[in-house]
$ cat final-v4.txt   # compact mmCIF, C-alpha atoms
# COMPACT_ATOMS: atom_id res chain seq x y z
CA MET A 1 50.49 -2.03 39.93
CA ARG A 2 48.67 -1.44 43.17
CA THR A 3 49.96 -3.21 46.26
CA ALA A 4 47.91 -5.34 48.65
CA THR A 5 48.13 -8.12 51.21
CA THR A 6 45.84 -10.66 52.86
CA VAL A 7 45.51 -11.38 56.59
CA GLU A 8 43.40 -13.76 58.67
CA GLY A 9 42.50 -12.75 62.20
CA SER A 10 42.50 -15.98 64.18
CA SER A 11 45.73 -17.46 62.80
CA ASP A 12 47.86 -14.32 63.25
CA PRO A 13 47.74 -12.43 66.56
CA THR A 14 49.82 -9.62 64.99
CA ALA A 15 47.47 -9.14 62.02
CA VAL A 16 46.07 -5.79 63.14
CA ASP A 17 49.47 -4.33 64.00
CA PHE A 18 50.80 -5.65 60.70
CA VAL A 19 48.07 -3.88 58.70
CA VAL A 20 48.46 -0.61 60.63
CA GLU A 21 52.20 -0.57 60.00
CA ALA A 22 51.75 -1.73 56.39
CA GLU A 23 49.58 1.32 55.80
CA HIS A 24 52.44 3.49 57.02
CA LEU A 25 54.72 1.74 54.52
CA GLY A 26 52.41 2.77 51.69
CA LEU A 27 50.48 -0.48 51.15
CA GLU A 28 47.27 0.34 49.29
CA GLU A 29 44.90 -2.57 50.05
CA CYS A 30 44.28 -5.24 52.68
CA TRP A 31 42.01 -8.24 52.10
CA VAL A 32 40.79 -10.22 55.12
CA ALA A 33 40.35 -13.97 54.74
CA GLU A 34 37.73 -16.09 56.46
CA ALA A 35 38.25 -19.80 55.60
CA TRP A 36 37.33 -21.80 58.72
CA GLY A 37 38.79 -19.36 61.26
CA SER A 38 37.68 -15.91 62.34
CA ASP A 39 34.95 -14.22 60.32
CA ALA A 40 36.06 -11.48 57.95
CA PRO A 41 33.56 -8.67 58.78
CA SER A 42 34.52 -8.52 62.48
CA VAL A 43 38.22 -8.12 61.66
CA LEU A 44 37.43 -5.60 58.93
CA GLY A 45 35.37 -3.47 61.30
CA PHE A 46 38.25 -3.34 63.75
CA LEU A 47 40.71 -2.50 60.98
CA ALA A 48 38.42 0.29 59.78
CA ALA A 49 38.79 1.92 63.19
CA ARG A 50 42.57 1.46 63.31
CA THR A 51 43.46 2.66 59.79
CA GLU A 52 42.87 5.83 57.81
CA ARG A 53 43.76 5.36 54.16
CA ILE A 54 44.22 1.72 53.20
CA ARG A 55 41.44 0.06 51.21
CA LEU A 56 39.83 -2.86 53.04
CA GLY A 57 38.21 -5.88 51.43
CA SER A 58 36.71 -9.20 52.39
CA GLY A 59 38.96 -11.81 50.88
CA VAL A 60 36.55 -13.60 51.01
CA ILE A 61 33.08 -13.87 52.50
CA GLN A 62 31.90 -17.37 51.68
CA VAL A 63 28.70 -17.43 49.64
CA GLY A 64 26.08 -19.73 51.13
CA THR A 65 27.18 -19.28 54.73
CA ARG A 66 25.05 -16.10 55.04
CA THR A 67 21.96 -14.89 53.28
CA PRO A 68 22.64 -12.49 50.39
CA VAL A 69 20.97 -9.65 52.29
CA ALA A 70 23.14 -10.30 55.34
CA VAL A 71 26.18 -10.06 53.05
CA ALA A 72 24.91 -6.75 51.66
CA GLN A 73 24.24 -5.39 55.15
CA ALA A 74 27.77 -6.25 56.27
CA ALA A 75 29.28 -4.67 53.14
CA LEU A 76 27.32 -1.43 53.42
CA THR A 77 28.09 -1.22 57.14
CA LEU A 78 31.81 -1.75 56.61
CA ASP A 79 31.89 0.79 53.80
CA ALA A 80 30.24 3.37 56.05
CA LEU A 81 32.52 2.61 59.01
CA SER A 82 35.63 2.88 56.84
CA GLY A 83 34.62 6.09 55.12
CA GLY A 84 34.11 4.51 51.71
CA ARG A 85 37.22 2.27 51.76
CA PHE A 86 35.53 -1.14 51.46
CA ALA A 87 35.34 -3.66 48.61
CA LEU A 88 33.22 -6.80 48.86
CA GLY A 89 35.05 -10.00 47.99
CA LEU A 90 32.97 -13.16 47.58
CA GLY A 91 33.98 -16.77 47.08
CA SER A 92 32.22 -20.11 46.80
CA SER A 93 34.68 -21.95 49.08
CA GLY A 94 34.27 -25.72 48.67
CA PRO A 95 32.22 -28.66 49.91
CA GLY A 96 34.63 -29.43 52.75
CA VAL A 97 33.87 -26.10 54.46
CA VAL A 98 30.40 -25.27 53.16
CA GLU A 99 28.90 -28.70 53.78
CA GLY A 100 31.25 -30.04 56.45
CA LEU A 101 31.35 -26.94 58.66
CA HIS A 102 28.25 -24.92 57.82
CA GLY A 103 25.84 -27.70 56.86
CA VAL A 104 24.80 -25.93 53.65
CA PRO A 105 24.61 -27.78 50.31
CA PHE A 106 27.46 -26.90 47.95
CA ALA A 107 25.34 -27.68 44.88
CA ARG A 108 25.24 -25.09 42.07
CA PRO A 109 28.03 -22.84 43.41
CA ALA A 110 28.15 -20.68 40.25
CA THR A 111 24.38 -20.24 40.29
CA ARG A 112 24.46 -19.34 43.97
CA MET A 113 27.23 -16.82 43.31
CA ARG A 114 25.33 -15.17 40.45
CA GLU A 115 22.09 -15.00 42.40
CA THR A 116 23.81 -13.71 45.52
CA ILE A 117 25.44 -10.91 43.53
CA ASP A 118 22.09 -10.06 41.92
CA VAL A 119 20.46 -9.67 45.33
CA VAL A 120 23.43 -7.82 46.83
CA ARG A 121 23.30 -5.30 43.99
CA GLN A 122 19.55 -4.77 44.58
CA ALA A 123 20.38 -3.98 48.20
CA PHE A 124 23.31 -1.72 47.24
CA ALA A 125 21.01 0.21 44.90
CA GLY A 126 18.46 0.83 47.65
CA ASP A 127 15.77 -1.17 45.83
CA ARG A 128 13.06 -3.27 47.39
CA ILE A 129 14.56 -6.74 47.43
CA ALA A 130 12.65 -9.37 45.48
CA TYR A 131 14.24 -12.35 43.77
CA SER A 132 13.16 -15.74 42.49
CA GLY A 133 16.06 -18.01 41.57
CA ARG A 134 17.23 -21.58 41.90
CA THR A 135 19.18 -21.01 45.13
CA VAL A 136 17.74 -17.72 46.41
CA THR A 137 14.08 -16.73 46.80
CA ILE A 138 13.14 -13.47 48.55
CA PRO A 139 10.59 -12.97 50.06
CA LEU A 140 9.89 -16.49 51.27
CA PRO A 141 6.97 -17.85 49.22
CA GLY A 142 3.71 -18.52 51.02
CA GLY A 143 4.60 -16.45 54.04
CA GLU A 144 3.62 -13.03 55.28
CA GLY A 145 6.74 -11.27 54.08
CA ARG A 146 6.74 -8.57 51.41
CA PRO A 147 9.67 -7.06 49.49
CA MET A 148 11.62 -4.65 51.68
CA ARG A 149 14.54 -2.31 51.20
CA LEU A 150 17.35 -1.77 53.67
CA SER A 151 17.13 1.33 55.84
CA MET A 152 20.81 2.07 55.14
CA PRO A 153 21.98 4.64 52.56
CA ALA A 154 22.34 3.14 49.08
CA ASN A 155 25.75 2.70 47.49
CA PRO A 156 25.36 1.21 43.99
CA ASP A 157 29.05 1.77 43.20
CA LEU A 158 30.42 -0.43 45.99
CA PRO A 159 32.75 -2.82 44.09
CA ILE A 160 32.27 -6.59 44.11
CA TYR A 161 35.22 -8.94 43.56
CA VAL A 162 34.91 -12.68 43.03
CA ALA A 163 37.51 -15.26 44.02
CA SER A 164 37.41 -17.94 41.34
CA LEU A 165 39.48 -20.79 39.96
CA SER A 166 37.23 -23.06 37.91
CA PRO A 167 36.42 -22.23 34.25
CA ARG A 168 32.71 -21.71 34.91
CA MET A 169 33.30 -19.45 37.91
CA LEU A 170 35.96 -17.53 36.01
CA GLU A 171 33.50 -16.84 33.19
CA LEU A 172 30.96 -15.65 35.73
CA THR A 173 33.61 -13.37 37.25
CA GLY A 174 34.28 -11.77 33.89
CA GLU A 175 30.57 -11.36 33.27
CA VAL A 176 29.36 -9.83 36.55
CA ALA A 177 32.24 -8.79 38.84
CA ASP A 178 34.24 -5.58 39.20
CA GLY A 179 37.37 -7.50 40.14
CA TRP A 180 38.94 -10.95 40.26
CA LEU A 181 40.68 -12.27 43.37
CA GLY A 182 42.96 -14.95 41.99
CA THR A 183 45.39 -17.42 43.47
CA SER A 184 47.52 -20.41 42.42
CA PHE A 185 48.84 -18.18 39.65
CA VAL A 186 51.59 -18.97 37.16
CA PRO A 187 52.01 -15.99 34.81
CA GLU A 188 53.40 -18.20 32.05
CA GLY A 189 50.17 -20.22 32.22
CA ALA A 190 47.84 -17.27 32.75
CA ALA A 191 45.89 -18.01 29.55
CA ALA A 192 44.23 -20.85 31.47
CA TYR A 193 42.56 -18.16 33.57
CA PHE A 194 42.23 -15.28 31.14
CA GLU A 195 40.54 -17.19 28.32
CA HIS A 196 37.60 -17.87 30.66
CA LEU A 197 37.59 -14.40 32.19
CA ASP A 198 37.63 -12.89 28.70
CA ALA A 199 34.75 -15.13 27.57
CA GLY A 200 32.65 -13.81 30.44
CA LEU A 201 33.66 -10.23 29.74
CA ALA A 202 32.71 -10.61 26.07
CA ARG A 203 29.33 -12.09 27.01
CA ALA A 204 28.60 -8.94 29.02
CA GLY A 205 29.95 -6.58 26.34
CA ARG A 206 32.93 -5.68 28.51
CA THR A 207 36.71 -5.71 28.11
CA ARG A 208 39.66 -6.53 30.36
CA ALA A 209 39.78 -2.84 31.32
CA ASP A 210 36.45 -3.33 33.11
CA LEU A 211 37.88 -5.99 35.46
CA THR A 212 40.54 -5.41 38.10
CA VAL A 213 42.87 -8.41 38.28
CA CYS A 214 44.23 -8.98 41.80
CA GLN A 215 46.72 -11.82 42.29
CA GLY A 216 48.81 -12.87 45.27
CA ALA A 217 51.97 -14.77 46.16
CA GLU A 218 54.50 -15.21 48.94
CA VAL A 219 57.46 -12.83 48.74
CA ALA A 220 60.85 -13.40 50.34
CA PHE A 221 64.38 -12.19 49.60
CA ALA A 222 67.50 -14.34 49.36
CA ASP A 223 71.06 -13.00 49.45
CA ASP A 224 72.54 -15.91 47.51
CA GLU A 225 71.73 -19.21 45.81
CA THR A 226 72.17 -21.24 49.00
CA GLU A 227 69.61 -19.15 50.86
CA LEU A 228 67.24 -19.27 47.89
CA ALA A 229 67.52 -23.06 47.70
CA ALA A 230 66.53 -23.31 51.36
CA MET A 231 63.51 -21.05 50.76
CA VAL A 232 62.39 -23.13 47.80
CA ALA A 233 62.74 -26.36 49.74
CA ALA A 234 60.67 -24.95 52.61
CA ARG A 235 57.91 -23.90 50.22
CA ARG A 236 57.50 -27.32 48.56
CA ARG A 237 55.33 -28.78 51.31
CA GLY A 238 52.85 -25.91 51.19
CA LEU A 239 52.52 -26.30 47.45
CA ALA A 240 52.11 -30.06 47.81
CA PHE A 241 49.28 -29.40 50.29
CA SER A 242 47.54 -27.19 47.71
CA LEU A 243 47.88 -29.95 45.13
CA GLY A 244 46.79 -32.82 47.33
CA GLY A 245 45.29 -31.65 50.61
CA MET A 246 43.05 -28.69 49.87
CA GLY A 247 39.35 -29.42 49.50
CA THR A 248 38.19 -33.03 49.43
CA ALA A 249 39.50 -36.16 47.72
CA SER A 250 37.33 -35.46 44.68
CA THR A 251 37.05 -31.65 44.71
CA ASN A 252 40.25 -29.59 44.81
CA PHE A 253 40.03 -26.38 42.80
CA TYR A 254 43.68 -25.50 43.52
CA HIS A 255 44.94 -28.78 42.12
CA ASP A 256 42.82 -28.32 39.00
CA ALA A 257 44.03 -24.74 38.50
CA TYR A 258 47.70 -25.74 38.60
CA ALA A 259 46.99 -28.65 36.25
CA ARG A 260 45.40 -26.33 33.67
CA GLN A 261 48.46 -24.05 33.82
CA GLY A 262 50.87 -26.73 32.64
CA TRP A 263 51.65 -28.73 35.79
CA SER A 264 49.18 -31.58 35.29
CA GLU A 265 51.51 -34.57 35.71
CA ILE A 266 53.10 -33.19 38.86
CA ALA A 267 49.71 -32.18 40.27
CA VAL A 268 48.28 -35.67 39.80
CA ALA A 269 51.32 -37.44 41.22
CA ALA A 270 51.59 -35.13 44.23
CA ARG A 271 47.89 -35.54 44.99
CA GLU A 272 48.21 -39.33 44.92
CA ARG A 273 51.15 -39.27 47.31
CA TRP A 274 49.49 -36.74 49.64
CA GLN A 275 46.20 -38.62 49.84
CA ALA A 276 48.11 -41.85 50.50
CA GLY A 277 49.60 -40.18 53.56
CA ASP A 278 53.08 -39.66 52.08
CA ARG A 279 53.43 -35.93 52.73
CA ASP A 280 57.20 -35.88 52.32
CA GLY A 281 56.94 -37.85 49.08
CA ALA A 282 54.37 -35.40 47.72
CA ALA A 283 56.58 -32.44 48.58
CA ALA A 284 59.61 -34.08 46.95
CA LEU A 285 57.74 -34.23 43.64
CA VAL A 286 57.37 -30.44 43.49
CA PRO A 287 60.25 -29.08 41.37
CA ASP A 288 62.15 -25.86 42.02
CA GLU A 289 60.76 -24.41 38.80
CA MET A 290 57.18 -24.78 40.02
CA VAL A 291 57.91 -23.10 43.35
CA LEU A 292 59.64 -20.16 41.65
CA ALA A 293 56.88 -19.87 39.04
CA THR A 294 54.15 -19.52 41.65
CA THR A 295 55.92 -17.28 44.19
CA LEU A 296 57.99 -14.12 44.42
CA LEU A 297 61.14 -15.58 45.91
CA GLY A 298 64.70 -14.58 45.08
CA THR A 299 67.12 -11.70 45.03
CA GLU A 300 65.74 -8.18 44.70
CA GLU A 301 66.46 -8.24 40.98
CA MET A 302 64.70 -11.59 40.56
CA VAL A 303 61.63 -10.36 42.44
CA ARG A 304 61.62 -7.08 40.51
CA GLU A 305 61.68 -8.97 37.21
CA ARG A 306 58.92 -11.38 38.27
CA LEU A 307 56.75 -8.44 39.27
CA ARG A 308 57.24 -6.96 35.80
CA VAL A 309 56.14 -10.29 34.31
CA TRP A 310 53.02 -10.26 36.47
CA ARG A 311 52.25 -6.68 35.44
CA ASP A 312 52.81 -7.34 31.75
CA VAL A 313 50.61 -10.45 31.69
CA GLY A 314 47.67 -8.44 33.05
CA VAL A 315 47.83 -8.22 36.84
CA ASP A 316 46.60 -4.86 38.15
CA THR A 317 47.05 -5.43 41.91
CA VAL A 318 49.62 -7.70 43.56
CA ARG A 319 48.80 -9.20 46.96
CA LEU A 320 52.08 -9.64 48.80
CA TYR A 321 52.44 -12.31 51.49
CA PRO A 322 55.75 -11.33 53.11
CA ALA A 323 57.84 -14.04 54.75
CA GLY A 324 59.38 -13.55 58.17
CA ASP A 325 59.49 -15.08 61.65
CA SER A 326 58.47 -11.88 63.42
CA LEU A 327 56.31 -8.84 62.79
CA ASP A 328 59.38 -6.69 62.15
CA GLU A 329 60.81 -9.19 59.66
CA ARG A 330 57.52 -9.39 57.74
CA LEU A 331 57.23 -5.62 57.62
CA THR A 332 60.82 -5.29 56.42
CA THR A 333 60.17 -7.80 53.64
CA LEU A 334 56.94 -6.04 52.71
CA GLY A 335 58.63 -2.64 52.53
CA ARG A 336 61.35 -4.00 50.24
CA ALA A 337 58.74 -5.61 47.99
CA ILE A 338 56.60 -2.46 47.76
CA ASP A 339 59.64 -0.54 46.53
CA LEU A 340 60.07 -3.03 43.67
CA VAL A 341 56.49 -3.02 42.35
CA PRO A 342 56.39 -1.48 38.86
CA PRO A 343 53.86 1.19 37.85
CA ALA A 344 50.59 0.18 36.27
CA ARG A 345 50.57 -0.51 32.53
CA GLU A 346 48.65 2.66 31.67
CA GLN A 347 51.28 4.75 33.50
CA LEU A 348 54.24 3.46 31.50
CA SER A 349 54.02 6.04 28.73
CA VAL A 350 53.89 8.86 31.27
CA SER A 351 56.86 7.81 33.39

$ encode --input "final-v4.txt" --output "structure tokens"
Amino acid sequence: MRTATTVEGSSDPTAVDFVVEAEHLGLEECWVAEAWGSDAPSVLGFLAARTERIRLGSGVIQVGTRTPVAVAQAALTLDALSGGRFALGLGSSGPGVVEGLHGVPFARPATRMRETIDVVRQAFAGDRIAYSGRTVTIPLPGGEGRPMRLSMPANPDLPIYVASLSPRMLELTGEVADGWLGTSFVPEGAAAYFEHLDAGLARAGRTRADLTVCQGAEVAFADDETELAAMVAARRRGLAFSLGGMGTASTNFYHDAYARQGWSEIAVAARERWQAGDRDGAAALVPDEMVLATTLLGTEEMVRERLRVWRDVGVDTVRLYPAGDSLDERLTTLGRAIDLVPPAREQLSVS
């Protein structure tokens, strides 16, 4: 498997130093998040100047918060600045951010994603940009504008990844994307994701080999069962937040994803407690088994074995979120994890 991580500029003042040092450790990819903090392209441009080898990706630019052509301009610019090391990651976000922060309707997120990718690929190909869809129309009808092409060099091979959780968006990912940026992943329940990805792949006449699967999880190492128990307990609240606090009261893609992977009863109960204001009660409902299933926590042998499970179920790239209270501790954890990552599936017969 390839190794990656995700950073977010505004919430981590050490993010740039972390990525620079992670590159020295051999990390292969870094994805930059956006959420409701710092924008991804600005951080990526700075990282392009501070790194030499590591692949950089937007993880993710939120569709609907920029025009499709603005997204394409940013992607082509970042790819040029990084010397061809950029991958465009797109996500639909949710109504809480898109409508509440940006004032843009969240309606038809899958349609907007498809139409945005269509326009972005026109721009990447160096074509004159003209599109008439349900969410995107270029040029603006009735005005003086005419189809234009960007003055930047074309790059039709620039990869596009989609971050998706819902069945419809997963099918779209399989149909049109080069890669899938996944989260809330339980390898034992991975069929809940892959059946929809595979349906989209089949619709486009493609196979799983045509889609890079990139999944992430927190990684931390425990020396004994007591230390591991403390790690698991500390992680429960974050998982309860995903089940009950992400998104809005009626739209929580993370909750739904865990429910489809076999944790429905716990997901529903934790959401009810969380939305009632009982945060501790919601966290208490999250069992040890769920925490361990969705993370990479444990002894080195436990983490090594879980990474093999991830690889064997179909993950091509693992995004590692290393635990630690300082930059040095996070880098130490990351280095240990990188050493445990197994080779890709296609390399097994050669090794």

$ closest_residue --input "final-v4.txt" --among "A:Ala337, A:Val186, A:Ala202, A:Ala249" --to "Thr294 in chain A" --atoms "all atoms listed in the file"
A:Val186

$ residues_around --input "final-v4.txt" --residues "Ile338 in chain A" --least-positions-apart "4" --cutoff "8 Å" --atoms "only C-alpha atoms" --output "JSON, numbers by chain"
{"A": [3, 26, 27, 334]}

$ closest_residue --input "final-v4.txt" --among "A:Ala217, A:Leu243, A:Ala269, A:Leu81" --to "Val303 in chain A" --atoms "all atoms listed in the file"
A:Ala217

$ closest_atom_pairs --input "final-v4.txt" --of "range 130-206 of chain A" --to "range 60-72 of chain A" --cutoff "12 Å" --atoms "all atoms listed in the file" --output "tab-separated table"
residue	atom	partner	partner_atom	distance
A:Ala130	CA	A:Val69	CA	10.8
A:Tyr131	CA	A:Pro68	CA	10.7
A:Thr135	CA	A:Gly64	CA	9.2
A:Val136	CA	A:Pro68	CA	8.2
A:Thr137	CA	A:Pro68	CA	10.2
A:Ile138	CA	A:Val69	CA	9.5
A:Pro139	CA	A:Val69	CA	11.1
A:Pro147	CA	A:Val69	CA	11.9
A:Met148	CA	A:Val69	CA	10.6
A:Arg149	CA	A:Val69	CA	9.8
A:Leu150	CA	A:Val69	CA	8.8
A:Ser151	CA	A:Ala72	CA	12.0
A:Met152	CA	A:Ala72	CA	10.3
A:Pro153	CA	A:Ala72	CA	11.8
A:Ala154	CA	A:Ala72	CA	10.5
A:Asn155	CA	A:Ala72	CA	10.4
A:Pro156	CA	A:Ala72	CA	11.1
A:Leu158	CA	A:Ala72	CA	10.1
A:Pro159	CA	A:Ala72	CA	11.6
A:Ile160	CA	A:Ala72	CA	10.5
A:Tyr161	CA	A:Val60	CA	8.9
A:Val162	CA	A:Val60	CA	8.2
A:Ala163	CA	A:Val60	CA	7.2
A:Ser164	CA	A:Val60	CA	10.6
A:Trp180	CA	A:Val60	CA	11.3
A:Leu181	CA	A:Val60	CA	8.8
A:Gly182	CA	A:Val60	CA	11.1

$ atom_distance --input "final-v4.txt" --atom1 "CA of Phe124 in chain A" --atom2 "CA of Ala344 in chain A"
29.5 Å

$ residues_around --input "final-v4.txt" --residues "Asp223 in chain A" --least-positions-apart "5" --cutoff "12 Å" --atoms "all atoms listed in the file" --output "short mmCIF file (atom, residue, chain, number, x, y, z; two decimals) with C-alpha atoms, keeping the file's coordinate frame"
data_model
loop_
_atom_site.label_atom_id
_atom_site.label_comp_id
_atom_site.auth_asym_id
_atom_site.auth_seq_id
_atom_site.Cartn_x
_atom_site.Cartn_y
_atom_site.Cartn_z
CA LEU A 228 67.24 -19.27 47.89
CA ALA A 229 67.52 -23.06 47.70
CA ALA A 230 66.53 -23.31 51.36
CA MET A 231 63.51 -21.05 50.76
CA LEU A 297 61.14 -15.58 45.91
CA GLY A 298 64.70 -14.58 45.08
CA THR A 299 67.12 -11.70 45.03
CA GLU A 300 65.74 -8.18 44.70
CA GLU A 301 66.46 -8.24 40.98
CA MET A 302 64.70 -11.59 40.56
#

$ closest_residue --input "final-v4.txt" --among "A:Gly91, A:Gly247, A:Gly179, A:Pro322" --to "Ala209 in chain A" --atoms "only C-alpha atoms"
A:Gly179

$ closest_residue --input "final-v4.txt" --among "A:Gly83, A:Ala177, A:Pro141, A:Leu90" --to "Arg206 in chain A" --atoms "all atoms listed in the file"
A:Ala177

$ closest_residue --input "final-v4.txt" --among "A:Phe253, A:Trp310, A:Phe241, A:Trp274" --to "Ala190 in chain A" --atoms "all atoms listed in the file"
A:Trp310

$ closest_residue --input "final-v4.txt" --among "A:Leu56, A:Met169, A:Ala74, A:Ala35" --to "Pro109 in chain A" --atoms "only C-alpha atoms"
A:Met169

$ atom_distance --input "final-v4.txt" --atom1 "CA of Leu296 in chain A" --atom2 "CA of Gly89 in chain A"
23.6 Å

$ atom_distance --input "final-v4.txt" --atom1 "CA of Glu171 in chain A" --atom2 "CA of Gly96 in chain A"
23.3 Å

$ axis_aligned_box --input "final-v4.txt" --around "range 173-186 of chain A" --padding-each-side "8 Å" --output "lines of an AutoDock Vina configuration file"
center_x = 40.5
center_y = -13.0
center_z = 38.4
size_x = 38.2
size_y = 30.8
size_z = 26.2
